[in-house]
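Notes follow once the structure below has been shown.
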Amino acid sequence: MAELVDLERRITLMEERTAIEHLKYAYWRHLDLKQWEPLRALFAADATVNYSSGKYEFRGIDAIMKFLTESLSRDRGAMTIHHGHHPEIEITGPTKAKGTWALYNYMYNVKQNRAIRIGAYYHDDYVKLDGAWKFQHIGYQNIFHEEWKRDDLPSINLVVG
Amino acid sequence: MAELVDLERRITLMEERTAIEHLKYAYWRHLDLKQWEPLRALFAADATVNYSSGKYEFRGIDAIMKFLTESLSRDRGAMTIHHGHHPEIEITGPTKAKGTWALYNYMYNVKQNRAIRIGAYYHDDYVKLDGAWKFQHIGYQNIFHEEWKRDDLPSINLVVG
Amino acid sequence: MAELVDLERRITLMEERTAIEHLKYAYWRHLDLKQWEPLRALFAADATVNYSSGKYEFRGIDAIMKFLTESLSRDRGAMTIHHGHHPEIEITGPTKAKGTWALYNYMYNVKQNRAIRIGAYYHDDYVKLDGAWKFQHIGYQNIFHEEWKRDDLPSINLVVG
């Protein structure tokens with residue numbers, strides 16, 4: 001019966017990793033589709049963030065959501081895609097985990113005539129609360145961050161967006 | 001023995017999710033490498049598609065393949081990369097599943113002096129037929145779709161492509 | 001008990017696939033963060049590479065590392081992001097596996113006023129040595145490779161990088 005217990009532990013480990021990947025996928029989906037209420041539900045109340053190599057640091061779910069809704073809303077002209085790659089998730093305890101991800105982030109703001117391309121690495125902490133994984137910390141360090149004026153491409157045409 | 005049955009169910013669930021991910025990976029690989037016969041084999045005969053927020057809707061495998069081969073063939077100058085991210089697959093029955101994916105799509109057509117960049121979310125339905133997962137429906141909603149003339153970058157040079 | 005053995009085999013297969021994915025994720029992470037010593041540790045001593053449809057072929061870990069450090073170092077101005085997608089890993093024996101991956105590769109070199117975008121498919125071979133998966137072979141075939149002068153975008157501004 002020891003073997004059955006061992007198999008169950010190995011299955012659980014894989015399920016936990018998948019659950020954390022789904023948490024992160026939901027985060028990016030809600031962020032880019034501007035679904036603020038379901039996005040908020042993914043954070044622990046005392047979560048912290050540290051975006052863009054420490055340029056944007058916030059503590060607590062209210063401060064985080066204020067920053068995200070103000071800086072990334074469509075009303076202000078912001079179109080964003082955050083694509084995450086290369087999940088390396090480590091379960092460090094029954095309710096604790098950490099992970100790194102590669103980020104490809106393309107954004108533009110037509111009102112500001114501005115385009116942005118970012119490559120970065122996330123270092124996240126996850127916590128299991130009442131059976132569901134949440135973000136305890138999200139942070140990323142830039143590899144590069146470049147900007148240009150959208151009309152540097154004179155013919156640029158927004159078919160949708 | 002109930003426990004063994006339960007573990008087997010959990011393993012199968014993970015294997016089914018992986019099999020559906022492989023179906024989608026094969027779809028993008030055949031699409032971008034223009035391998036039309038193996039691409040065709042991934043669809044159920046009565047599959048439907050709805051690309052680009054409903055702009056391109058087709059019913060049945062013949063209509064789908066006609067659209068894809070005509071619009072995306074290399075003969076006509078089309079280079080495409082479709083990169084899919086953030087799989088959120090849900091097995092909804094023994095032979096049914098659905099899933100969402102983020103899409104990053106970059107395309108150009110040298111003959112048309114045209115470049116295209118798209119961000120979107122797929123909502124797919126999958127069906128298991130004779131033991132193999134197939135596409136019952138593929139659809140995506142655009143987040144953005146932008147186009148420009150390739151010679152907006154005066155020095156652009158195709159080393160391969 | 002035959003069933004328990006079978007479940008264990010299926011779990012091991014999933015774990016092995018995950019371990020190989022982590023090998024590849026570590027490869028890209030060390031490559032783009034320019035961490036040469038941990039990058040070197042991921043290769044078998046007699047590994048081979050074949051990048052860019054055969055343009056860059058090397059045999060043995062010393063020749064491979066010489067090429068990577070010389071062509072991609074930050075000292076020479078090279079910023080790189082290699083993002084890998086669509087893992088299709090096949091375990092072909094107790095210590096052998098192979099896999100394909102889609103690649104999105106964006107690079108620039110400010111000193112050379114040069115930007116590069118590549119789409120490709122990797123075909124890799126993996127080997128398990130002393131319990132750890134290593135690269136036996138890495139190769140990719142280009143779908144496209146395009147280059148342009150960075151100042152084709154007159155306003156391009158490097159905030160980080």
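Chain labels A, B, ... are given in the sequence in which chains occur in the structure tokens; within each chain residues are numbered consecutively from 1, and ligands are likewise numbered from 1 in the order shown.
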
Chain fit of chain C to chain A, all Cα atoms, as an mmCIF file with C-alpha atoms, in the first residue's frame:
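Output contents, as saved in part17.cif:
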data_model
loop_
_atom_site.group_PDB
_atom_site.id
_atom_site.type_symbol
_atom_site.label_atom_id
_atom_site.label_comp_id
_atom_site.auth_asym_id
_atom_site.auth_seq_id
_atom_site.Cartn_x
_atom_site.Cartn_y
_atom_site.Cartn_z
ATOM 1 C CA MET C 1 -0.113 0.025 -0.051
ATOM 2 C CA ALA C 2 2.945 2.237 0.407
ATOM 3 C CA GLU C 3 3.264 2.248 -3.374
ATOM 4 C CA LEU C 4 -0.287 3.477 -3.866
ATOM 5 C CA VAL C 5 0.424 6.371 -1.485
ATOM 6 C CA ASP C 6 3.547 7.199 -3.447
ATOM 7 C CA LEU C 7 1.712 7.208 -6.782
ATOM 8 C CA GLU C 8 -0.959 9.437 -5.309
ATOM 9 C CA ARG C 9 1.708 11.890 -4.174
ATOM 10 C CA ARG C 10 3.248 11.993 -7.676
ATOM 11 C CA ILE C 11 -0.153 12.531 -9.308
ATOM 12 C CA THR C 12 -1.008 15.303 -6.856
ATOM 13 C CA LEU C 13 2.277 17.043 -7.630
ATOM 14 C CA MET C 14 1.414 17.124 -11.355
ATOM 15 C CA GLU C 15 -2.135 18.292 -10.648
ATOM 16 C CA GLU C 16 -0.871 21.109 -8.424
ATOM 17 C CA ARG C 17 1.525 22.291 -11.125
ATOM 18 C CA THR C 18 -1.295 22.288 -13.663
ATOM 19 C CA ALA C 19 -3.560 24.216 -11.265
ATOM 20 C CA ILE C 20 -0.885 26.902 -10.838
ATOM 21 C CA GLU C 21 -0.390 27.115 -14.606
ATOM 22 C CA HIS C 22 -4.155 27.617 -14.963
ATOM 23 C CA LEU C 23 -4.023 30.408 -12.336
ATOM 24 C CA LYS C 24 -1.399 32.213 -14.391
ATOM 25 C CA TYR C 25 -3.271 31.619 -17.684
ATOM 26 C CA ALA C 26 -6.427 33.072 -16.138
ATOM 27 C CA TYR C 27 -4.393 36.082 -14.927
ATOM 28 C CA TRP C 28 -3.160 36.911 -18.440
ATOM 29 C CA ARG C 29 -6.552 36.201 -20.014
ATOM 30 C CA HIS C 30 -8.417 38.509 -17.643
ATOM 31 C CA LEU C 31 -5.664 41.135 -17.900
ATOM 32 C CA ASP C 32 -5.728 41.293 -21.706
ATOM 33 C CA LEU C 33 -9.524 41.002 -21.965
ATOM 34 C CA LYS C 34 -9.865 43.669 -19.229
ATOM 35 C CA GLN C 35 -12.021 41.505 -16.949
ATOM 36 C CA TRP C 36 -11.178 43.247 -13.697
ATOM 37 C CA GLU C 37 -13.430 41.438 -11.198
ATOM 38 C CA PRO C 38 -12.290 37.886 -12.057
ATOM 39 C CA LEU C 39 -8.703 39.205 -12.198
ATOM 40 C CA ARG C 40 -8.993 40.533 -8.633
ATOM 41 C CA ALA C 41 -10.198 37.118 -7.403
ATOM 42 C CA LEU C 42 -6.834 35.539 -8.332
ATOM 43 C CA PHE C 43 -4.818 37.477 -5.727
ATOM 44 C CA ALA C 44 -4.331 36.872 -2.003
ATOM 45 C CA ALA C 45 -5.535 39.939 -0.084
ATOM 46 C CA ASP C 46 -1.993 40.777 1.048
ATOM 47 C CA ALA C 47 -0.349 40.057 -2.316
ATOM 48 C CA THR C 48 2.552 42.132 -3.623
ATOM 49 C CA VAL C 49 3.681 42.934 -7.170
ATOM 50 C CA ASN C 50 6.911 44.236 -8.619
ATOM 51 C CA TYR C 51 6.580 44.845 -12.364
ATOM 52 C CA SER C 52 9.216 46.093 -14.758
ATOM 53 C CA SER C 53 12.331 45.426 -12.599
ATOM 54 C CA GLY C 54 10.888 47.286 -9.593
ATOM 55 C CA LYS C 55 9.564 50.362 -11.434
ATOM 56 C CA TYR C 56 6.005 49.519 -10.347
ATOM 57 C CA GLU C 57 5.762 48.112 -6.819
ATOM 58 C CA PHE C 58 2.464 47.689 -4.970
ATOM 59 C CA ARG C 59 1.316 45.995 -1.769
ATOM 60 C CA GLY C 60 -2.229 44.711 -1.154
ATOM 61 C CA ILE C 61 -4.968 43.797 -3.587
ATOM 62 C CA ASP C 62 -6.550 47.271 -3.700
ATOM 63 C CA ALA C 63 -3.316 49.030 -4.654
ATOM 64 C CA ILE C 64 -2.538 46.344 -7.271
ATOM 65 C CA MET C 65 -5.973 46.547 -8.897
ATOM 66 C CA LYS C 66 -5.908 50.357 -8.878
ATOM 67 C CA PHE C 67 -2.604 50.311 -10.773
ATOM 68 C CA LEU C 68 -3.718 47.670 -13.318
ATOM 69 C CA THR C 69 -7.116 49.203 -14.089
ATOM 70 C CA GLU C 70 -5.698 52.718 -14.373
ATOM 71 C CA SER C 71 -2.667 51.936 -16.502
ATOM 72 C CA LEU C 72 -4.075 49.179 -18.741
ATOM 73 C CA SER C 73 -7.742 50.056 -19.350
ATOM 74 C CA ARG C 74 -9.127 50.193 -22.890
ATOM 75 C CA ASP C 75 -10.844 53.510 -22.054
ATOM 76 C CA ARG C 76 -7.435 55.132 -21.933
ATOM 77 C CA GLY C 77 -6.463 53.511 -25.230
ATOM 78 C CA ALA C 78 -4.312 50.637 -23.962
ATOM 79 C CA MET C 79 -4.241 47.395 -25.967
ATOM 80 C CA THR C 80 -2.113 44.706 -24.319
ATOM 81 C CA ILE C 81 -1.090 41.128 -24.975
ATOM 82 C CA HIS C 82 0.894 39.356 -22.278
ATOM 83 C CA HIS C 83 2.051 35.949 -23.489
ATOM 84 C CA GLY C 84 3.729 33.674 -20.961
ATOM 85 C CA HIS C 85 6.092 30.815 -21.769
ATOM 86 C CA HIS C 86 8.414 28.233 -20.201
ATOM 87 C CA PRO C 87 6.691 27.469 -16.871
ATOM 88 C CA GLU C 88 9.144 26.196 -14.252
ATOM 89 C CA ILE C 89 6.906 25.629 -11.214
ATOM 90 C CA GLU C 90 8.216 24.241 -7.941
ATOM 91 C CA ILE C 91 5.852 23.086 -5.177
ATOM 92 C CA THR C 92 7.690 24.017 -1.975
ATOM 93 C CA GLY C 93 5.054 22.961 0.599
ATOM 94 C CA PRO C 94 1.434 21.823 0.908
ATOM 95 C CA THR C 95 0.220 25.416 0.348
ATOM 96 C CA LYS C 96 3.315 27.101 -1.093
ATOM 97 C CA ALA C 97 4.882 27.190 -4.542
ATOM 98 C CA LYS C 98 7.075 29.405 -6.669
ATOM 99 C CA GLY C 99 7.689 29.666 -10.373
ATOM 100 C CA THR C 100 9.458 31.418 -13.214
ATOM 101 C CA TRP C 101 7.974 32.279 -16.621
ATOM 102 C CA ALA C 102 9.231 34.005 -19.748
ATOM 103 C CA LEU C 103 7.104 36.975 -20.859
ATOM 104 C CA TYR C 104 6.493 38.409 -24.316
ATOM 105 C CA ASN C 105 4.509 41.614 -23.974
ATOM 106 C CA TYR C 106 3.338 43.780 -26.885
ATOM 107 C CA MET C 107 1.245 46.861 -26.188
ATOM 108 C CA TYR C 108 0.117 49.965 -27.971
ATOM 109 C CA ASN C 109 -1.847 53.069 -27.134
ATOM 110 C CA VAL C 110 -3.380 54.726 -30.175
ATOM 111 C CA LYS C 111 -4.289 57.880 -28.242
ATOM 112 C CA GLN C 112 -0.627 58.234 -27.291
ATOM 113 C CA ASN C 113 0.745 57.158 -30.736
ATOM 114 C CA ARG C 114 2.883 54.679 -28.795
ATOM 115 C CA ALA C 115 3.989 51.040 -29.175
ATOM 116 C CA ILE C 116 5.881 48.957 -26.591
ATOM 117 C CA ARG C 117 7.649 45.591 -26.766
ATOM 118 C CA ILE C 118 8.978 43.882 -23.630
ATOM 119 C CA GLY C 119 10.819 40.642 -22.904
ATOM 120 C CA ALA C 120 11.108 39.640 -19.242
ATOM 121 C CA TYR C 121 11.278 36.849 -16.672
ATOM 122 C CA TYR C 122 8.652 36.495 -13.956
ATOM 123 C CA HIS C 123 9.463 35.242 -10.445
ATOM 124 C CA ASP C 124 6.176 34.468 -8.706
ATOM 125 C CA ASP C 125 5.074 33.102 -5.328
ATOM 126 C CA TYR C 126 1.825 31.159 -5.019
ATOM 127 C CA VAL C 127 -0.250 30.288 -1.954
ATOM 128 C CA LYS C 128 -3.135 27.820 -1.549
ATOM 129 C CA LEU C 129 -6.073 29.401 0.315
ATOM 130 C CA ASP C 130 -9.244 27.377 1.026
ATOM 131 C CA GLY C 131 -8.168 24.853 -1.609
ATOM 132 C CA ALA C 132 -7.484 27.329 -4.428
ATOM 133 C CA TRP C 133 -4.078 28.633 -5.609
ATOM 134 C CA LYS C 134 -3.689 32.432 -5.510
ATOM 135 C CA PHE C 135 -0.916 34.901 -6.247
ATOM 136 C CA GLN C 136 1.120 35.882 -3.183
ATOM 137 C CA HIS C 137 3.648 37.765 -5.314
ATOM 138 C CA ILE C 138 4.119 38.593 -8.999
ATOM 139 C CA GLY C 139 7.347 40.196 -10.171
ATOM 140 C CA TYR C 140 9.289 40.453 -13.399
ATOM 141 C CA GLN C 141 12.736 41.595 -14.435
ATOM 142 C CA ASN C 142 13.084 43.049 -17.910
ATOM 143 C CA ILE C 143 15.457 41.611 -20.478
ATOM 144 C CA PHE C 144 14.569 44.554 -22.708
ATOM 145 C CA HIS C 145 11.885 47.225 -23.072
ATOM 146 C CA GLU C 146 11.668 49.242 -26.253
ATOM 147 C CA GLU C 147 9.179 51.852 -27.414
ATOM 148 C CA TRP C 148 8.461 53.637 -30.688
ATOM 149 C CA LYS C 149 5.871 55.931 -32.208
ATOM 150 C CA ARG C 150 3.193 53.973 -34.013
ATOM 151 C CA ASP C 151 3.355 56.253 -37.053
ATOM 152 C CA ASP C 152 7.003 55.318 -37.582
ATOM 153 C CA LEU C 153 5.146 52.752 -39.732
ATOM 154 C CA PRO C 154 3.288 55.270 -41.924
ATOM 155 C CA SER C 155 0.750 52.756 -43.282
ATOM 156 C CA ILE C 156 -0.137 51.122 -39.937
ATOM 157 C CA ASN C 157 -3.827 50.280 -39.952
ATOM 158 C CA LEU C 158 -5.899 48.913 -37.103
ATOM 159 C CA VAL C 159 -8.408 46.451 -38.598
ATOM 160 C CA VAL C 160 -9.553 45.431 -35.105
ATOM 161 C CA GLY C 161 -8.428 46.982 -31.838
#

Based on DSSP run over this structure's backbone, return all residues of range 21-94 of chain C in strand (DSSP E), as a list of chain:residue names.
C:Phe43, C:Ala44, C:Ala45, C:Asp46, C:Ala47, C:Thr48, C:Val49, C:Asn50, C:Tyr51, C:Tyr56, C:Glu57, C:Phe58, C:Arg59, C:Ala78, C:Met79, C:Thr80, C:Ile81, C:His82, C:His83, C:Gly84, C:His85, C:His86, C:Pro87, C:Glu88, C:Ile89, C:Glu90, C:Ile91, C:Thr92, C:Gly93

May I have the residues from that selection written out with C-alpha atoms, as a compact mmCIF listing (two decimals), in the first residue's frame?
# COMPACT_ATOMS: atom_id res chain seq x y z
CA PHE C 43 24.45 19.36 -22.95
CA ALA C 44 25.88 15.85 -23.32
CA ALA C 45 29.64 16.11 -23.92
CA ASP C 46 29.28 14.79 -27.48
CA ALA C 47 26.18 16.83 -28.32
CA THR C 48 25.62 18.31 -31.78
CA VAL C 49 23.71 21.40 -32.91
CA ASN C 50 22.38 22.53 -36.26
CA TYR C 51 20.87 26.02 -36.02
CA TYR C 56 25.53 26.88 -37.97
CA GLU C 57 26.61 23.29 -37.30
CA PHE C 58 28.81 22.29 -34.36
CA ARG C 59 29.91 19.04 -32.74
CA ALA C 78 23.33 41.08 -28.68
CA MET C 79 19.90 41.07 -27.00
CA THR C 80 17.99 37.84 -27.62
CA ILE C 81 14.65 36.32 -26.69
CA HIS C 82 14.03 32.72 -27.71
CA HIS C 83 10.45 31.72 -26.95
CA GLY C 84 9.51 28.08 -27.45
CA HIS C 85 6.00 26.75 -28.02
CA HIS C 86 4.03 23.60 -28.86
CA PRO C 87 6.11 20.84 -27.21
CA GLU C 88 5.59 17.46 -28.88
CA ILE C 89 7.87 15.16 -26.87
CA GLU C 90 8.14 11.44 -27.53
CA ILE C 91 9.91 9.10 -25.10
CA THR C 92 11.53 6.51 -27.37
CA GLY C 93 13.39 4.44 -24.73

From chain C, collect each residue whose DSSP state is alpha helix (DSSP H) and return the set as a PyMOL selection string.
chain C and resi 2-33+36-40+61-72
